[in-house]
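Asks: I have a structure here, written as structure tokens, and I will follow up with some questions on it.
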Amino acid sequence: MIIVLKAHASPPDIQRVIEEVRQCGYEPHVIRGVARTVVAAVGDETTQQTLETLASLAAVEKVLPIQKRYKLVSREAQPETTIVPVGPHRLGTRDFHVIAGPCSVEDLDQMLCVAEAAQAAGATLLRGGAYKPRTSPYDFQGLGEKGLAILREVKERTGMPIVSEVVSEADLAPMLEVVDVLQIGARNMMNYALLAAVSRTGRPVLLKRGLAATIEEWFLAAEYLAKHGNPHVLLCERGIRTFERATRNTLDISAVAIAKQESNLPVIVDPSHAAGRTDLITALSRAAIAAGADGLMIEVHPHPEKASSDGPQSLTPNQFAELMQAIRPVLAACERRLPGKTATPKTTGSITQSSIPKEIGS
Ligand code: PEP
Ligand code: MN
């Protein structure tokens with residue numbers, strides 16, 4: 001930390017700061033400039049007491065942290081990207097993974113139709129919410145355990161690993177029976193008790209960025225997951241709330257590039273919740289790949305006009321197949337590839353080396 005003193009700071013003021021720094025376990029180094037004095041506090045900022053409270057001293061102008069507040073998920077601490085194993089897949093490698101499925105699980109026919117079409121078009125993971133965090137309490141809240149039973153059936157039939165949102169610690173036990181990647185939704189990114197509980201399960205996590213969360217807050221939420229023992233975190237940029245009304249949210253492409261640069265976690269982009277409309281999904285998906293994303297999450301529904309949630313942003317299976325074709329040239333330009341068809345083990349969370357997907361023509 002750097003403690004910048006006010007221009008009028010007297011020698012006793014400076015001495016007081018030096019003593020406080022020492023008491024907090026840091027080594028103070030005084031730098032006397034022409035106009036002001038600065039105290040550099042040397043020590044590990046992540047494990048020792050924060051010196052930010054020194055800003056309350058009358059002689060202190062500001063306290064500036066030097067180290068990043070997140071450590072485990074930073075590229076500084078671990079230069080190579082964390083590989084997240086999901087069923088037979090390894091996210092965070094050259095393979096580019098597309099997660100597809102409806103916003104909410106509604107019935108078996110709906111899920112099977114989407115899963116088969118999405119898989120045929122090249123999607124590797126199936127999404128579908130059994131528990132829905134809806135803004136209005138009068139909106140469809142999800143099928144709960146009935147939805148999980150549908151997901152289990154579709155997983156058994158197609159072999160696709162399942163991504164599904166957890167909204168409460170109380171639902172974790174039944175979810176762990178079927179869900180391969182636990183999604184933490186935008187509304188729960190700052191639910192630190194839920195993050196800790198989800199981390200302790202050891203199951204891979206897809207962590208959505210909060211509606212109004214800074215990139216640092218998003219990384220710190222990931223740090224909670226890593227600190228509680230689970231390094232298998234996928235960061236998901238899904239758009240943030242801005243003044244713009246043309247889209248449901250604003251896809252923050254800079255956040256994708258920054259997340260790739262500063263964190264060691266794979267990054268997934270969800271253009272569906274960012275745009276809130278279908279006509280932008282292809283453009284945003286291509287932009288996401290160009291910015292370095294490791295995967296996409298796309299909402300797909302057999303009849304978007306009848307969907308229980310997020311119909312206006314859901315692609316039909318045919319539109320999804322077109323999207324998968326449209327991203328291929330960009331994937332090739334970025335030296336990424338769509339994984340080929342794989343064996344379909346029914347267990348969750350394990351990785352089978354022999355079934356790591358092979359490249360298919362792009
Ligand atoms: C969802 O994935 O359907 C969802 C509710 O997402 P978000 O948390 O990004 O709003
Ligand atoms: Mn949705």
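In the structure tokens, chains take letters A, B, ... by order of appearance, with residues numbered from 1 within each chain and ligands from 1 in the order shown.
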Counting only C-alpha atoms, what is within 6 Å of Leu225 of chain A, bar same-chain residues fewer than 3 positions away, as number ranges by chain?

Replies: A: 195, 199, 222, 228, 230

Asks: Could the residues in this selection be saved with N, CA, C and O atoms as a PDB file, in the first residue's frame?

Replies:
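What follows is the written file out-v7.pdb:
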```pdb
ATOM      1  N   LEU A 195     -22.087 -18.804  -2.482  1.00  0.00           N
ATOM      2  CA  LEU A 195     -20.813 -19.087  -3.170  1.00  0.00           C
ATOM      3  C   LEU A 195     -20.002 -20.103  -2.369  1.00  0.00           C
ATOM      4  O   LEU A 195     -19.457 -21.066  -2.920  1.00  0.00           O
ATOM      5  N   SER A 199     -19.130 -23.833  -3.596  1.00  0.00           N
ATOM      6  CA  SER A 199     -17.715 -24.185  -3.721  1.00  0.00           C
ATOM      7  C   SER A 199     -17.416 -25.510  -3.022  1.00  0.00           C
ATOM      8  O   SER A 199     -16.711 -26.361  -3.550  1.00  0.00           O
ATOM      9  N   ALA A 222     -15.380 -14.869  -7.755  1.00  0.00           N
ATOM     10  CA  ALA A 222     -14.684 -16.099  -8.191  1.00  0.00           C
ATOM     11  C   ALA A 222     -13.628 -16.490  -7.148  1.00  0.00           C
ATOM     12  O   ALA A 222     -13.411 -17.680  -6.878  1.00  0.00           O
ATOM     13  N   HIS A 228     -12.695 -21.182  -1.089  1.00  0.00           N
ATOM     14  CA  HIS A 228     -13.392 -22.246  -0.362  1.00  0.00           C
ATOM     15  C   HIS A 228     -13.092 -23.619  -0.956  1.00  0.00           C
ATOM     16  O   HIS A 228     -13.773 -24.590  -0.646  1.00  0.00           O
ATOM     17  N   ASN A 230     -12.688 -24.634  -4.408  1.00  0.00           N
ATOM     18  CA  ASN A 230     -13.065 -25.096  -5.743  1.00  0.00           C
ATOM     19  C   ASN A 230     -12.456 -24.212  -6.843  1.00  0.00           C
ATOM     20  O   ASN A 230     -12.927 -23.110  -7.094  1.00  0.00           O
TER      21      ASN A 230
END
```

Asks: For segment 14-22 of chain A, list every protein, DNA or RNA residue within 9 Å, evaluated using only C-alpha atoms, and leave out those in the same chain fewer than 3 positions away; present the list as a list of chain:residue names.

Replies: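 Near segment 14-22 of chain A, the qualifying residues are A:Ile3, A:Leu5, A:Ala9, A:Ser10, A:Pro11, A:Gly25, A:Tyr26, A:Glu27, A:Pro28, A:His29, A:Val30, A:Thr37, A:Val38, A:Val39, A:Ala41, A:Leu51, A:Leu54, A:Leu57, A:Ala59, A:Val60.
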
Asks: Taking only C-alpha atoms and all ligand atoms into account, which residues are within 9 Å of ligand 2, as a ChimeraX atom specification?

Replies: /A:102-104,128-129,132,272-273,299,309-311,313-314

Asks: List every residue of chain A that has an atom at most 6 Å from any atom of ligand 1, and for each one report the closest atom pair and its distance in Å to one decimal, counting only C-alpha atoms and all ligand atoms, with rows sorted by chain and then by increasing residue number, as a Markdown table.

Replies:
```
| residue | atom | partner | partner_atom_place_in_ligand_line | distance |
| --- | --- | --- | --- | --- |
| A:Cys103 | CA | ligand 1 | 3 (O) | 4.5 |
| A:Gly185 | CA | ligand 1 | 8 (O) | 3.4 |
| A:Ala186 | CA | ligand 1 | 8 (O) | 3.7 |
| A:Arg187 | CA | ligand 1 | 8 (O) | 5.7 |
| A:Lys208 | CA | ligand 1 | 9 (O) | 5.9 |
| A:Arg238 | CA | ligand 1 | 9 (O) | 5.4 |
| A:His273 | CA | ligand 1 | 9 (O) | 5.9 |
```

Asks: Tell me, in Å to one decimal, how far atom CA of Glu165 of chain A is from atom CA of Ile253 of chain A.

Replies: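 Here the two named atoms are 23.3 Å from each other.
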
Asks: Skip Glu177 of chain A itself and residues of its chain fewer than 2 positions away, then list as a PDB file with C-alpha atoms, in the first residue's frame all residues within 10 Å of it, counting only C-alpha atoms.

Replies:
```
ATOM      1  CA  LEU A 148     -34.320 -31.944 -12.349  1.00  0.00           C
ATOM      2  CA  ALA A 149     -35.967 -35.287 -13.185  1.00  0.00           C
ATOM      3  CA  ARG A 152     -31.713 -36.361 -15.690  1.00  0.00           C
ATOM      4  CA  LEU A 172     -27.980 -28.378  -3.668  1.00  0.00           C
ATOM      5  CA  ALA A 173     -28.482 -32.017  -2.623  1.00  0.00           C
ATOM      6  CA  PRO A 174     -31.007 -32.915  -5.384  1.00  0.00           C
ATOM      7  CA  MET A 175     -29.118 -30.794  -7.906  1.00  0.00           C
ATOM      8  CA  VAL A 179     -26.200 -31.141 -12.565  1.00  0.00           C
ATOM      9  CA  ASP A 180     -22.607 -31.084 -13.863  1.00  0.00           C
ATOM     10  CA  THR A 347     -21.246 -39.843 -14.375  1.00  0.00           C
ATOM     11  CA  THR A 348     -20.847 -36.196 -13.373  1.00  0.00           C
TER      12      THR A 348
END
```
